Amino acid sequence: MSDKVKVTIDGISIDVEPGTSILNAARQIGGDIVPPAMCYYSKLQGSGGKCRTCLVKVSKGSEKDPRPMPKLVASCRTTVMDGMEVQNITSPEVVEARKGVVELLLINHPLDCPICDQAGECHLQDLSYEHGSEATRYEFDRRTFDKIDIGDKIQLHMTRCILCYRCVFTADQITDNRVHGILGRGDAAEISTYIEKAVDNDFSGNVIDVCPVGALTDKTFRFKNRVWFTKPVDAHRDCPKCSGKVALWYKGEDVIRVTARKDVYGEVEEFICNDCRFEHKKTSDWVIEGPRKISPHSVISANHYERLTPPSVVRKNPALLESNKEQFERVTKL
Ligand code: SF4
Ligand code: FES
C-alpha cells in the first residue's frame, strides 16, 4: 500500500510524500496552477510564511475531515492531507486576495522600475503585471530610510525591500558569518547591519540572487545595462569553493555580470562563491556551455536567443561549434 497522500489542486490530482506543502505539491504538478512565492525558497530552511502571495483556498480539508478551512491559507506553510482539495486560480476569492496582497506590497515598494537594476527579473514586477491594479488607494508618504553602505559589492535599497527574510536565511545558512538581519518592527523594520558593517564573505553575493526585488543588487553591474539587452550564457569553471556553474551575462563581448543559474521558479540551482561572481569576468576564465534558456514569460526572452553567444566565444569553443552547427554557420558569416 502506498503511503503517499493524494491532493487535488485546481482539479488536478497528484500523489505526494506526506509532509509536502501545498506549494510544493503544486510545483510537482507544474504550470499555471502553481501559486507565486515571494518569500518561500526551497533551498532555504525556515523560509516562507511572510509575504502571503501564495494564499490558496482549501475547499476540502481531507478525506477524514472534509470540512473546508475557514480562511485562505499560505500554501508554502500548509501541509497536504490525504484527500485534500485546493483551489488556486480557480477560486475568485484567491485571485481577489492576491490582488490585495500585491496592493499591500506596493504600498511601500517604490515604482522605480525604470531605474532599477532588477527590472525584468523582479518577481514583484511580474506579480504586479498579473495581479496589480492600475491605481493606488494609498495617500500617505512612503517609508524612507537612512542609507547604509553594506560594502563595495552589494547595494542595499531599503525602500524596495519587502521583508521576505530570504537574504537573512541565505546569510545564515550559506555563509559562515551573518552580519545583517531585520531590525525594528512594523513599518520601521529594515534590513541592516546594526553597526555599519560590510556584508562580505565567500558566499555573501548570493543574497543578491535570492532577493525577489531590487533591494539587494550587484554594485559591479549597477546601471550597466537593462537585463533584457544582455545575452546570458551558461558557463562553468573548476572552482575550489563552489560548483562553479554560473550564468554569464554579456554586453557585446564583455561579461558584465556573473550570477548563479536559476530554475523555473526563479530559485538559484546552486549557490556560487564571490570569487566566481565578482572576480572572474573574462570569457577566458570560463568554459562556455551555450546560450541560457530563458522562460518565454520573461521579458529577457524578447531577445534573439539563437544569437546569444558572442561570435568570439563561438569561434574559440570547438564543442559549441559542433553542438550548434546552425549557429556556427551564421557566425562565420558575420
Ligand atoms: S533585502 Fe531582498 S531578500 Fe532581503 S528581506 Fe528585503 S526583499 Fe527579502
Ligand atoms: S511564499 Fe508563502 S507566504 Fe510568502
# chains A, B, ... in the order shown; residues from 1 in each chain; ligands from 1
call {"tool": "closest_atom_pairs", "arguments": {"of": "chain A", "to": "ligand 1", "cutoff": "7 Å", "atoms": "only C-alpha atoms and all ligand atoms", "output": "JSON lines"}}
result
{"residue": "A:Met158", "atom": "CA", "partner": "ligand 1", "partner_atom_place_in_ligand_line": "1 (S)", "distance": 6.8}
{"residue": "A:Arg160", "atom": "CA", "partner": "ligand 1", "partner_atom_place_in_ligand_line": "7 (S)", "distance": 6.9}
{"residue": "A:Cys161", "atom": "CA", "partner": "ligand 1", "partner_atom_place_in_ligand_line": "6 (Fe)", "distance": 3.8}
{"residue": "A:Ile162", "atom": "CA", "partner": "ligand 1", "partner_atom_place_in_ligand_line": "7 (S)", "distance": 4.4}
{"residue": "A:Leu163", "atom": "CA", "partner": "ligand 1", "partner_atom_place_in_ligand_line": "5 (S)", "distance": 3.8}
{"residue": "A:Cys164", "atom": "CA", "partner": "ligand 1", "partner_atom_place_in_ligand_line": "8 (Fe)", "distance": 3.9}
{"residue": "A:Tyr165", "atom": "CA", "partner": "ligand 1", "partner_atom_place_in_ligand_line": "5 (S)", "distance": 4.0}
{"residue": "A:Arg166", "atom": "CA", "partner": "ligand 1", "partner_atom_place_in_ligand_line": "3 (S)", "distance": 4.5}
{"residue": "A:Cys167", "atom": "CA", "partner": "ligand 1", "partner_atom_place_in_ligand_line": "3 (S)", "distance": 4.1}
{"residue": "A:Val168", "atom": "CA", "partner": "ligand 1", "partner_atom_place_in_ligand_line": "4 (Fe)", "distance": 6.3}
{"residue": "A:Ile191", "atom": "CA", "partner": "ligand 1", "partner_atom_place_in_ligand_line": "1 (S)", "distance": 6.3}
{"residue": "A:Val207", "atom": "CA", "partner": "ligand 1", "partner_atom_place_in_ligand_line": "3 (S)", "distance": 6.3}
{"residue": "A:Val210", "atom": "CA", "partner": "ligand 1", "partner_atom_place_in_ligand_line": "3 (S)", "distance": 5.8}
{"residue": "A:Cys211", "atom": "CA", "partner": "ligand 1", "partner_atom_place_in_ligand_line": "3 (S)", "distance": 3.5}
{"residue": "A:Pro212", "atom": "CA", "partner": "ligand 1", "partner_atom_place_in_ligand_line": "7 (S)", "distance": 5.8}
{"residue": "A:Val213", "atom": "CA", "partner": "ligand 1", "partner_atom_place_in_ligand_line": "7 (S)", "distance": 5.6}
{"residue": "A:Gly214", "atom": "CA", "partner": "ligand 1", "partner_atom_place_in_ligand_line": "2 (Fe)", "distance": 6.9}
{"residue": "A:Ala215", "atom": "CA", "partner": "ligand 1", "partner_atom_place_in_ligand_line": "1 (S)", "distance": 4.8}
{"residue": "A:Leu216", "atom": "CA", "partner": "ligand 1", "partner_atom_place_in_ligand_line": "1 (S)", "distance": 5.3}
call {"tool": "closest_atom_pairs", "arguments": {"of": "chain A", "to": "ligand 2", "cutoff": "12 Å", "atoms": "only C-alpha atoms and all ligand atoms", "output": "tab-separated table"}}
result
residue	atom	partner	partner_atom_place_in_ligand_line	distance
A:Ser21	CA	ligand 2	2 (Fe)	10.1
A:Ile22	CA	ligand 2	2 (Fe)	10.0
A:Leu23	CA	ligand 2	2 (Fe)	8.0
A:Asn24	CA	ligand 2	2 (Fe)	10.8
A:Val34	CA	ligand 2	1 (S)	11.1
A:Pro35	CA	ligand 2	1 (S)	8.2
A:Pro36	CA	ligand 2	1 (S)	6.8
A:Ala37	CA	ligand 2	1 (S)	3.6
A:Met38	CA	ligand 2	1 (S)	4.9
A:Cys39	CA	ligand 2	4 (Fe)	4.1
A:Tyr40	CA	ligand 2	1 (S)	4.2
A:Tyr41	CA	ligand 2	1 (S)	7.7
A:Ser42	CA	ligand 2	1 (S)	10.0
A:Gly46	CA	ligand 2	2 (Fe)	11.1
A:Ser47	CA	ligand 2	4 (Fe)	8.1
A:Gly48	CA	ligand 2	4 (Fe)	4.7
A:Gly49	CA	ligand 2	3 (S)	3.5
A:Lys50	CA	ligand 2	3 (S)	4.5
A:Cys51	CA	ligand 2	4 (Fe)	3.8
A:Arg52	CA	ligand 2	3 (S)	3.8
A:Thr53	CA	ligand 2	4 (Fe)	5.5
A:Cys54	CA	ligand 2	2 (Fe)	4.6
A:Leu55	CA	ligand 2	2 (Fe)	6.9
A:Val56	CA	ligand 2	2 (Fe)	9.8
A:Leu72	CA	ligand 2	3 (S)	11.4
A:Val73	CA	ligand 2	2 (Fe)	8.9
A:Ala74	CA	ligand 2	2 (Fe)	5.1
A:Ser75	CA	ligand 2	2 (Fe)	5.9
A:Cys76	CA	ligand 2	2 (Fe)	4.4
A:Arg77	CA	ligand 2	2 (Fe)	6.4
A:Thr78	CA	ligand 2	2 (Fe)	9.1
A:Arg98	CA	ligand 2	3 (S)	11.2
A:Val101	CA	ligand 2	3 (S)	10.3
A:Val102	CA	ligand 2	4 (Fe)	11.7
A:Leu105	CA	ligand 2	4 (Fe)	11.5
A:His123	CA	ligand 2	1 (S)	11.5
A:Leu124	CA	ligand 2	4 (Fe)	11.8
A:Ile162	CA	ligand 2	4 (Fe)	10.4
A:Leu163	CA	ligand 2	4 (Fe)	10.1
A:Cys164	CA	ligand 2	4 (Fe)	7.2
A:Tyr165	CA	ligand 2	4 (Fe)	9.9
A:Arg166	CA	ligand 2	4 (Fe)	10.1
A:Pro212	CA	ligand 2	4 (Fe)	10.9
A:Tyr265	CA	ligand 2	1 (S)	11.5
call {"tool": "residues_around", "arguments": {"residues": "Ile9 in chain A", "least_positions_apart": "6", "cutoff": "10 Å", "atoms": "only C-alpha atoms", "output": "PyMOL selection string"}}
result
chain A and resi 22-23+25-26+29+33-34+56-59+84-90
call {"tool": "residues_around", "arguments": {"residues": "Asn225 in chain A", "least_positions_apart": "2", "cutoff": "12 Å", "atoms": "only C-alpha atoms", "output": "list in words"}}
result
Pro114, Ile115, Cys116, Asp117, Gln118, Ala119, Gly120, Thr220, Phe221, Arg222, Phe223, Val227, Trp228, Phe229, Thr230, Lys231, Trp249, Tyr250, Lys251, Gly252, Asp254, Val255, Ile256 and Arg257 of chain A
call {"tool": "closest_residue", "arguments": {"among": "A:Val299, A:Ile272, A:Leu111, A:Leu183", "to": "Asn201 in chain A", "atoms": "only C-alpha atoms"}}
result
A:Ile272
call {"tool": "residues_around", "arguments": {"residues": "Ser133 in chain A", "least_positions_apart": "2", "cutoff": "10 Å", "atoms": "only C-alpha atoms", "output": "mmCIF file with N, CA and C atoms, in the first residue's frame"}}
result
data_model
loop_
_atom_site.group_PDB
_atom_site.id
_atom_site.type_symbol
_atom_site.label_atom_id
_atom_site.label_comp_id
_atom_site.auth_asym_id
_atom_site.auth_seq_id
_atom_site.Cartn_x
_atom_site.Cartn_y
_atom_site.Cartn_z
ATOM 1 N N LYS A 99 -4.670 39.967 -5.284
ATOM 2 C CA LYS A 99 -4.640 41.363 -5.739
ATOM 3 C C LYS A 99 -4.411 42.292 -4.532
ATOM 4 N N GLY A 100 -5.078 41.960 -3.438
ATOM 5 C CA GLY A 100 -4.919 42.756 -2.217
ATOM 6 C C GLY A 100 -3.505 42.680 -1.671
ATOM 7 N N VAL A 102 -0.780 42.115 -3.381
ATOM 8 C CA VAL A 102 0.097 42.898 -4.265
ATOM 9 C C VAL A 102 -0.062 44.386 -3.957
ATOM 10 N N GLU A 103 -1.289 44.804 -3.734
ATOM 11 C CA GLU A 103 -1.532 46.220 -3.411
ATOM 12 C C GLU A 103 -0.806 46.594 -2.116
ATOM 13 N N SER A 128 2.874 42.185 -10.165
ATOM 14 C CA SER A 128 2.046 43.377 -10.345
ATOM 15 C C SER A 128 1.382 43.378 -11.721
ATOM 16 N N TYR A 129 2.122 42.907 -12.718
ATOM 17 C CA TYR A 129 1.517 42.838 -14.055
ATOM 18 C C TYR A 129 0.352 41.863 -14.061
ATOM 19 N N GLU A 130 0.517 40.759 -13.320
ATOM 20 C CA GLU A 130 -0.523 39.739 -13.346
ATOM 21 C C GLU A 130 -1.680 40.042 -12.400
ATOM 22 N N HIS A 131 -1.391 40.651 -11.256
ATOM 23 C CA HIS A 131 -2.437 40.813 -10.242
ATOM 24 C C HIS A 131 -2.622 42.243 -9.752
ATOM 25 N N ALA A 135 -4.447 51.711 -10.276
ATOM 26 C CA ALA A 135 -4.386 52.898 -9.414
ATOM 27 C C ALA A 135 -4.026 52.489 -7.990
ATOM 28 N N THR A 136 -3.557 53.454 -7.230
ATOM 29 C CA THR A 136 -3.292 53.185 -5.815
ATOM 30 C C THR A 136 -4.341 53.902 -4.967
ATOM 31 N N ARG A 137 -4.693 53.305 -3.847
ATOM 32 C CA ARG A 137 -5.635 53.970 -2.928
ATOM 33 C C ARG A 137 -4.881 54.599 -1.775
#
call {"tool": "closest_residue", "arguments": {"among": "A:Glu270, A:Glu63, A:Asp10, A:Asp152", "to": "Thr217 in chain A", "atoms": "only C-alpha atoms"}}
result
A:Asp152
